[in-house]
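First comes the structure, then the notes that go with it.
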Amino acid sequence: MKFAVIGGTGLIGSRVVENLNADGHQAVPHSLSTGVDIITGQGLDAAVAGADAVINLTNSPTFDDASLAFFQTSMDNLLAASERSRVGHFVILSIVGVDQVPDLDYYRAKVLQENILKAGPIPYSIVRATQFMEFMDATLAMTTDGDTVRLPRTPVQPIAAADVASAVAEVAAGSPLNGVLNIAGPDVYPLDELGRITLTAKGNGRSVVTDDSAGMFAAAHGDALTAPSDARIASTHYTDWLS
């Protein structure tokens with residue numbers, strides 16, 4: 001099969017391209033650096049031409065309300081180009097619990113992206129993943145003040161990027177789900193505890209203070225960000241990934 005991987009040079013996209021090509025497919029990465037602009041539409045028709053499936057792994061440059069316009073425009077452009085090229089399968093990567101955190105602009109924008117795809121003309125699959133292990137450093141940085149990190153007790157279930165990429169590649173090479181696959185790591189942690197584990201493992205001198213109002217994940221209540229009962233559970237444990 002031939003795949004157009006939009007956002008194919010990033011953390012997940014580069015791994016998806018590698019996995020698909022290793023399985024004997026032809027996966028071509030596309031991004032701004034390769035001359036494809038999903039906002040202006042430049043290069044899109046050429047990028048998706050002849051593709052059996054399009055995998056959209058692009059992300060908004062901001063997490064504020066501007067992300068809504070990003071996903072609206074990018075999805076409109078990508079779906080139109082894919083329809084012109086008669087693409088048979090369109091795949092996006094989303095977030096577990098994305099529809100349960102309406103107070104976050106970025107989560108509302110991802111819900112919009114999902115809804116545009118569902119209402120569109122192309123058979124589709126949505127892979128929803130829990131928080132990436134690779135993003136823990138950025139999560140700590142967001143609420144760091146000097147030597148103190150403030151984190152809420154929000155339960156999270158981190159997953160390794162390699163496991164996400166494997167699932168996305170598998171779904172993309174299969175028949176369209178016309179629905180959602182949830183994927184998650186094997187372990188649930190309160191976010192403040194996960195912060196302490198991370199800093200200790202890295203020999204970082206910062207300390208974590210529990211603050212249930214700190215950071216973007218404070219807006220997630222209950223088990224919104226952990227795996228639902230039907231989720232596929234990946235094998236990589238966070239402590240093994242850290243080591």
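Here, A, B, ... name the chains of the structure tokens in the order displayed, residue numbers run from 1 inside each chain, and ligands are numbered from 1 in the same displayed order.
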Exercise for the section: Skip Ala53 (chain A) itself and residues of its chain fewer than 5 positions away, then list as a ChimeraX atom specification all residues within 7 Å of it, counting only C-alpha atoms. Expected result: /A:2-4,87-90,172
Kindly save the residues from that selection, with N, CA, C and O atoms included, as a CSV table (one decimal), in the first residue's frame.
```csv
chain,number,residue,atom,x,y,z
A,2,LYS,N,0.3,2.3,-0.5
A,2,LYS,CA,1.0,3.6,-0.5
A,2,LYS,C,0.3,4.5,0.5
A,2,LYS,O,-0.9,4.7,0.5
A,3,PHE,N,1.1,5.1,1.4
A,3,PHE,CA,0.6,6.0,2.4
A,3,PHE,C,1.2,7.4,2.3
A,3,PHE,O,2.5,7.5,2.1
A,4,ALA,N,0.4,8.4,2.4
A,4,ALA,CA,0.9,9.8,2.6
A,4,ALA,C,0.8,10.1,4.1
A,4,ALA,O,-0.3,10.1,4.6
A,87,VAL,N,-8.7,8.8,-2.2
A,87,VAL,CA,-8.1,8.1,-1.1
A,87,VAL,C,-9.2,7.3,-0.4
A,87,VAL,O,-10.3,7.7,-0.1
A,88,GLY,N,-8.8,6.1,0.0
A,88,GLY,CA,-9.8,5.1,0.6
A,88,GLY,C,-9.8,5.0,2.1
A,88,GLY,O,-10.7,4.4,2.7
A,89,HIS,N,-8.9,5.7,2.8
A,89,HIS,CA,-8.8,5.6,4.2
A,89,HIS,C,-8.1,6.8,4.8
A,89,HIS,O,-7.0,7.2,4.3
A,90,PHE,N,-8.6,7.4,5.8
A,90,PHE,CA,-8.0,8.6,6.4
A,90,PHE,C,-7.9,8.4,7.9
A,90,PHE,O,-8.9,8.0,8.5
A,172,ALA,N,-3.7,2.0,10.1
A,172,ALA,CA,-3.7,2.6,8.8
A,172,ALA,C,-3.6,1.5,7.7
A,172,ALA,O,-4.1,1.7,6.6
```
Exercise for the section: Can you pull out every residue within 12 Å of Ile39 (chain A), counting only C-alpha atoms, but drop anything in the same chain fewer than 4 positions away, and send it as a list in words? Expected result: Ser31, Leu32, Gly35, Gly43, Leu44, Thr58, Asn59, Ser60, Pro61, Ala69, Phe70, Phe71, Gln72, Thr73, Ser74, Met75, Asp76, Asn77 and Leu78 of chain A
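Distances here use only C-alpha atoms; by that measure, the residue among A:Glu193, A:Glu170, A:Asp223, A:Asp145 closest to Thr210 (chain A) is A:Glu193.
Those residues that approach Asp187 (chain A) to within 8 Å, counting only C-alpha atoms, are Gln157, Pro158, His237 and Tyr238 of chain A; same-chain residues fewer than 5 positions away are not listed.
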Practice task
Assign secondary structure with DSSP using the backbone only, and return the residues of region 32-196 of chain A in alpha helix (DSSP H) as a ChimeraX atom specification.
Solution key: /A:44-48,66-84,105-119,136-142,161-173,191-196
Exercise for the section: With a distance cut-off of 7 Å and only C-alpha atoms, select the neighbouring residues of Leu57 (chain A), excluding the residue or stretch itself and same-chain residues fewer than 6 positions from it, and output the selection as an NGL selection string. Expected result: :A and (6-8 or 13 or 92-93)
Saved selection, atoms kept: C-alpha atoms, as a short mmCIF file (atom, residue, chain, number, x, y, z; two decimals), in the first residue's frame:
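Output below, filename again_3.cif:
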```
data_model
loop_
_atom_site.label_atom_id
_atom_site.label_comp_id
_atom_site.auth_asym_id
_atom_site.auth_seq_id
_atom_site.Cartn_x
_atom_site.Cartn_y
_atom_site.Cartn_z
CA ILE A 6 1.22 14.22 6.81
CA GLY A 7 3.37 15.36 9.70
CA GLY A 8 5.61 12.44 8.84
CA GLY A 13 5.14 10.44 12.16
CA ILE A 92 -5.87 10.75 12.59
CA LEU A 93 -4.26 10.56 16.02
#
```
Problem - Neighbour list for Gly215 (chain A) as a list in words, cut-off 9 Å, only C-alpha atoms, skip fewer than 3 positions in-chain - result: Thr139, Met142, Thr143, Arg150, Leu151, Pro152, Asp211, Asp212, Ala218 and Ala219 of chain A
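Going from CA of Met216 (chain A) to CA of Ala119 (chain A) covers 28.8 Å.
Nearest residue to Gly174 (chain A) among A:Ser94, A:Gln26, A:Thr154, A:Ser125 is A:Ser125, counting only C-alpha atoms.
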Handout entry: Neighbour list for Val101 (chain A) as a list in words, cut-off 10 Å, only C-alpha atoms, skip fewer than 3 positions in-chain
Key = Gly97, Val98, Leu104, Asp105, Tyr106, Tyr107, Arg108, Val111, Phe217, Ala218, Ala219, Ala220, His221, Ala224 and Leu225 of chain A
Problem - Nearest to Val91 (chain A), chosen from A:Gly179, A:Leu194, A:Asp65, A:Gly185, with only C-alpha atoms counted in the distances - result: A:Gly179
Practice task
Pull the strand (DSSP E or B) assignments for region 9-165 of chain A out of DSSP run on the backbone, and list those residues as a PyMOL selection string.
Solution key: chain A and resi 26-30+53-56+89-95+124-129+132+144-145+148-151+155-156+159
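In this comparison, which uses only C-alpha atoms, the residue of A:Asp147, A:Asp37, A:Asp163, A:Glu114 approaching Glu134 (chain A) most closely is A:Asp163.
Ranking A:Gly146, A:Ala234, A:Gln42, A:Ile55 by their shortest atom-to-atom distance to Ile183 (chain A), with only C-alpha atoms included, puts A:Ala234 first.
Among A:Ala81, A:Val5, A:Ala138, A:Ala22, the residue with the shortest atom-to-atom distance to Asp45 (chain A), counting only C-alpha atoms, is A:Ala81.
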Handout entry: Residues near Ile95 (chain A), cut-off 6 Å, only C-alpha atoms, skip fewer than 2 positions along chain, as number ranges by chain
Key = A: 98, 128-130
Go ahead and write the residues just picked, C-alpha atoms, as a tab-separated table (two decimals), in the first residue's frame.
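The result, stored in out_25.tsv:
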```tsv
chain	number	residue	atom	x	y	z
A	98	VAL	CA	-10.62	14.29	24.58
A	128	ARG	CA	-6.90	7.97	20.61
A	129	ALA	CA	-3.80	7.71	22.79
A	130	THR	CA	-3.12	8.64	26.40
```
